[in-house]
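Asks: The file below is input_27.txt, compact mmCIF, C-alpha atoms:
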```
# COMPACT_ATOMS: atom_id res chain seq x y z
CA MET I 80 0.00 0.00 0.00
CA THR I 81 1.44 3.35 -1.02
CA GLY I 82 0.39 6.91 -1.65
CA GLN I 83 -2.98 8.27 -0.62
CA ASP I 84 -4.27 4.84 0.50
CA ASP I 85 -1.47 4.44 3.07
CA PRO I 86 -2.87 4.98 6.60
CA ASP I 87 0.66 5.73 7.84
CA ARG I 88 1.38 8.55 5.37
CA GLN I 89 2.68 11.76 6.87
CA PRO I 90 1.95 15.39 5.97
CA THR I 91 4.44 17.20 3.77
CA ALA I 92 5.03 20.90 3.14
CA GLU I 93 4.01 20.36 -0.49
CA GLY I 94 0.77 18.65 0.56
CA VAL I 95 -0.10 21.48 2.95
CA THR I 96 0.51 24.03 0.19
CA ILE I 97 -1.71 22.11 -2.23
CA ALA I 98 -4.47 21.80 0.37
CA ALA I 99 -4.28 25.51 1.22
CA ARG I 100 -4.63 26.47 -2.45
CA ARG I 101 -7.59 24.14 -2.98
CA VAL I 102 -9.41 25.38 0.10
CA ALA I 103 -8.69 29.06 -0.62
CA ALA I 104 -10.12 28.67 -4.12
CA LEU I 105 -13.46 27.37 -2.79
CA LEU I 106 -14.05 28.78 0.68
CA PRO I 107 -14.10 32.27 2.14
CA SER I 108 -11.31 33.25 4.49
CA THR I 109 -12.08 32.58 8.13
CA PRO I 110 -12.34 35.86 10.01
CA LEU I 111 -10.03 36.50 12.93
CA LEU I 112 -11.82 38.06 15.88
CA PRO I 113 -9.96 39.88 18.67
CA LEU I 114 -10.63 38.74 22.22
CA ASP I 115 -9.21 40.64 25.19
CA ILE I 116 -8.23 38.52 28.18
CA ASP I 117 -6.79 40.46 31.12
CA GLY I 118 -5.29 43.10 28.85
CA THR I 119 -3.89 40.62 26.34
CA THR I 120 -5.45 40.39 22.89
CA ILE I 121 -5.74 36.94 21.39
CA TRP I 122 -7.09 36.29 17.91
CA CYS I 123 -9.74 33.62 17.44
CA LYS I 124 -10.51 32.01 14.08
CA ALA I 125 -14.28 32.02 13.65
CA GLU I 126 -14.69 28.71 11.83
CA CYS I 127 -18.39 28.89 12.68
CA ASP I 128 -18.57 31.47 9.86
CA GLN I 129 -17.67 28.82 7.27
CA PRO I 130 -20.52 27.66 4.97
CA VAL I 131 -21.11 24.50 7.02
CA GLY I 132 -20.28 26.11 10.36
CA ALA I 133 -17.09 24.14 11.03
CA PHE I 134 -13.49 23.62 9.93
CA LYS I 135 -14.25 20.05 8.81
CA ILE I 136 -15.16 21.21 5.31
CA ARG I 137 -11.47 22.04 4.70
CA GLY I 138 -10.22 18.48 5.08
CA GLY I 139 -13.18 17.07 3.21
CA ILE I 140 -12.65 19.31 0.20
CA HIS I 141 -8.96 18.48 0.06
CA ARG I 142 -9.48 14.73 0.41
CA LEU I 143 -12.21 14.58 -2.23
CA ALA I 144 -10.13 16.62 -4.65
CA ASP I 145 -7.27 14.17 -4.13
CA LEU I 146 -9.25 11.10 -5.26
CA THR I 147 -8.35 9.38 -8.49
CA GLU I 148 -11.08 8.99 -11.11
CA GLU I 149 -11.33 5.31 -10.20
CA GLN I 150 -11.78 6.07 -6.50
CA ALA I 151 -14.37 8.79 -7.18
CA ALA I 152 -16.31 6.43 -9.45
CA ARG I 153 -16.68 3.96 -6.56
CA GLY I 154 -18.44 6.65 -4.51
CA ILE I 155 -17.93 8.26 -1.13
CA VAL I 156 -19.23 7.35 2.32
CA ALA I 157 -18.63 9.80 5.15
CA PHE I 158 -20.01 10.66 8.56
CA SER I 159 -19.51 13.21 11.29
CA SER I 160 -20.14 13.02 14.98
CA GLY I 161 -21.32 16.62 14.80
CA ASN I 162 -19.97 19.85 16.19
```
Here is a file; write its structure as structure tokens.
Replies:
Amino acid sequence: MTGQDDPDRQPTAEGVTIAARRVAALLPSTPLLPLDIDGTTIWCKAECDQPVGAFKIRGGIHRLADLTEEQAARGIVAFSSGN
């Protein structure tokens, strides 16, 4: 077993760059919201503002775009435990 079917595969810088480009082409940027805690500002990514209300869409888009034609032809089964 090699490539995208390998459960032990590890992320690479190239893979992260490809995923970022794919996601940026399809989804709006996630807003950063300032939050003041005891005089310190932290920035929170509001993933709830994504079209499906969660960050999960990012990984899903990337994985589906990475399927071969043969894999896509067999169909997709997915589930989520919710947010």
Asks: Tell me, as an mmCIF file with C-alpha atoms, keeping the file's coordinate frame, which residues lie within 10 Å of Asp145 in chain I, counting all atoms listed in the file; anything in the same chain fewer than 5 positions away does not count.
Replies:
```cif
data_model
loop_
_atom_site.group_PDB
_atom_site.id
_atom_site.type_symbol
_atom_site.label_atom_id
_atom_site.label_comp_id
_atom_site.auth_asym_id
_atom_site.auth_seq_id
_atom_site.Cartn_x
_atom_site.Cartn_y
_atom_site.Cartn_z
ATOM 1 C CA GLN I 83 -2.980 8.270 -0.620
ATOM 2 C CA ILE I 97 -1.710 22.110 -2.230
ATOM 3 C CA ALA I 98 -4.470 21.800 0.370
ATOM 4 C CA GLY I 139 -13.180 17.070 3.210
ATOM 5 C CA ILE I 140 -12.650 19.310 0.200
ATOM 6 C CA GLN I 150 -11.780 6.070 -6.500
ATOM 7 C CA ALA I 151 -14.370 8.790 -7.180
#
```
Asks: Which centre and which edge lengths, in Å to one decimal, describe the axis-aligned box that holds all listed atoms of range 83-100 of chain I after 8 Å is added on each side, as AutoDock Vina command-line options?
Replies:
```
--center_x 0.2 --center_y 15.5 --center_z 2.7 --size_x 25.7 --size_y 38.0 --size_z 26.3
```
Asks: Quick one: of I:Thr147, I:Thr96, I:Gln129, I:Thr120, who's nearest to Ser108 in chain I, counting all atoms listed in the file?
Replies: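 Closest to Ser108 in chain I, using all atoms listed in the file: I:Gln129.
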Asks: Just how far from CA of Cys123 in chain I is CA of Ala104 in chain I, in Å to one decimal?
Replies: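 Distance reported for this atom pair: 22.1 Å.
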Asks: Looking at I:Arg142, I:Thr109, I:Ile116, I:Pro130, which one is nearest to Val95 in chain I, with distances taken over all atoms listed in the file?
Replies: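 Going through I:Arg142, I:Thr109, I:Ile116, I:Pro130 one by one, the smallest distance to Val95 in chain I is for I:Arg142.
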Asks: Could you jot down the CA of Glu93 in chain I to CA of Leu106 in chain I separation for me, Å, one decimal place?
Replies: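 Distance reported for this atom pair: 20.0 Å.
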Asks: CA of Phe134 in chain I and CA of Ile121 in chain I are how many Å apart?
Replies: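 The value is 19.2 Å.
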Asks: Hey, which of I:Arg88, I:Asp128, I:Ala133, I:Asp115 ends up closest to Ser159 in chain I? Count only C-alpha atoms.
Replies: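 Once distances to Ser159 in chain I are computed over only C-alpha atoms, the minimum belongs to I:Ala133.
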Asks: Between I:Leu111, I:Leu143, I:Cys127, I:Ile136, which has the minimum distance to Val156 in chain I (counting all atoms listed in the file)?
Replies: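 That would be I:Leu143, the residue with the smallest distance to Val156 in chain I.
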Asks: Given all atoms listed in the file as the basis, pick out the residue of I:Ala157, I:Ala144, I:Leu112, I:Ala152 nearest to Arg100 in chain I.
Replies: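 Using all atoms listed in the file, the shortest distance to Arg100 in chain I belongs to I:Ala144.
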Asks: Write range 138-158 of chain I as an mmCIF file, in the coordinates of the input, completed to N, CA and C atoms.
Replies:
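In the end it all went to result.cif:
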```cif
data_model
loop_
_atom_site.group_PDB
_atom_site.id
_atom_site.type_symbol
_atom_site.label_atom_id
_atom_site.label_comp_id
_atom_site.auth_asym_id
_atom_site.auth_seq_id
_atom_site.Cartn_x
_atom_site.Cartn_y
_atom_site.Cartn_z
ATOM 1 N N GLY I 138 -10.807 19.799 5.317
ATOM 2 C CA GLY I 138 -10.220 18.480 5.080
ATOM 3 C C GLY I 138 -11.015 17.670 4.077
ATOM 4 N N GLY I 139 -12.326 17.801 4.142
ATOM 5 C CA GLY I 139 -13.180 17.070 3.210
ATOM 6 C C GLY I 139 -12.956 17.498 1.768
ATOM 7 N N ILE I 140 -12.889 18.806 1.560
ATOM 8 C CA ILE I 140 -12.650 19.310 0.200
ATOM 9 C C ILE I 140 -11.306 18.814 -0.325
ATOM 10 N N HIS I 141 -10.297 18.906 0.508
ATOM 11 C CA HIS I 141 -8.960 18.480 0.060
ATOM 12 C C HIS I 141 -8.947 16.983 -0.248
ATOM 13 N N ARG I 142 -9.514 16.185 0.620
ATOM 14 C CA ARG I 142 -9.480 14.730 0.410
ATOM 15 C C ARG I 142 -10.256 14.335 -0.841
ATOM 16 N N LEU I 143 -11.421 14.910 -1.036
ATOM 17 C CA LEU I 143 -12.210 14.580 -2.230
ATOM 18 C C LEU I 143 -11.501 15.007 -3.505
ATOM 19 N N ALA I 144 -10.846 16.151 -3.470
ATOM 20 C CA ALA I 144 -10.130 16.620 -4.650
ATOM 21 C C ALA I 144 -8.920 15.751 -4.963
ATOM 22 N N ASP I 145 -8.463 15.000 -3.980
ATOM 23 C CA ASP I 145 -7.270 14.170 -4.130
ATOM 24 C C ASP I 145 -7.591 12.761 -4.650
ATOM 25 N N LEU I 146 -8.878 12.438 -4.795
ATOM 26 C CA LEU I 146 -9.250 11.100 -5.260
ATOM 27 C C LEU I 146 -8.909 10.917 -6.739
ATOM 28 N N THR I 147 -8.529 9.710 -7.071
ATOM 29 C CA THR I 147 -8.350 9.380 -8.490
ATOM 30 C C THR I 147 -9.730 9.217 -9.112
ATOM 31 N N GLU I 148 -9.802 9.197 -10.443
ATOM 32 C CA GLU I 148 -11.080 8.990 -11.110
ATOM 33 C C GLU I 148 -11.695 7.655 -10.709
ATOM 34 N N GLU I 149 -10.855 6.640 -10.592
ATOM 35 C CA GLU I 149 -11.330 5.310 -10.200
ATOM 36 C C GLU I 149 -11.935 5.338 -8.796
ATOM 37 N N GLN I 150 -11.259 5.986 -7.865
ATOM 38 C CA GLN I 150 -11.780 6.070 -6.500
ATOM 39 C C GLN I 150 -13.093 6.850 -6.463
ATOM 40 N N ALA I 151 -13.153 7.973 -7.154
ATOM 41 C CA ALA I 151 -14.370 8.790 -7.180
ATOM 42 C C ALA I 151 -15.534 8.014 -7.792
ATOM 43 N N ALA I 152 -15.261 7.207 -8.796
ATOM 44 C CA ALA I 152 -16.310 6.430 -9.450
ATOM 45 C C ALA I 152 -16.928 5.399 -8.516
ATOM 46 N N ARG I 153 -16.149 4.939 -7.521
ATOM 47 C CA ARG I 153 -16.680 3.960 -6.560
ATOM 48 C C ARG I 153 -17.605 4.625 -5.533
ATOM 49 N N GLY I 154 -17.561 5.948 -5.426
ATOM 50 C CA GLY I 154 -18.440 6.650 -4.510
ATOM 51 C C GLY I 154 -17.761 6.997 -3.188
ATOM 52 N N ILE I 155 -18.464 7.768 -2.407
ATOM 53 C CA ILE I 155 -17.930 8.260 -1.130
ATOM 54 C C ILE I 155 -18.930 7.962 -0.032
ATOM 55 N N VAL I 156 -18.420 7.509 1.104
ATOM 56 C CA VAL I 156 -19.230 7.350 2.320
ATOM 57 C C VAL I 156 -18.513 8.125 3.395
ATOM 58 N N ALA I 157 -19.248 8.996 4.084
ATOM 59 C CA ALA I 157 -18.630 9.800 5.150
ATOM 60 C C ALA I 157 -19.637 10.007 6.275
ATOM 61 N N PHE I 158 -19.124 10.340 7.449
ATOM 62 C CA PHE I 158 -20.010 10.660 8.560
ATOM 63 C C PHE I 158 -19.292 11.650 9.466
#
```
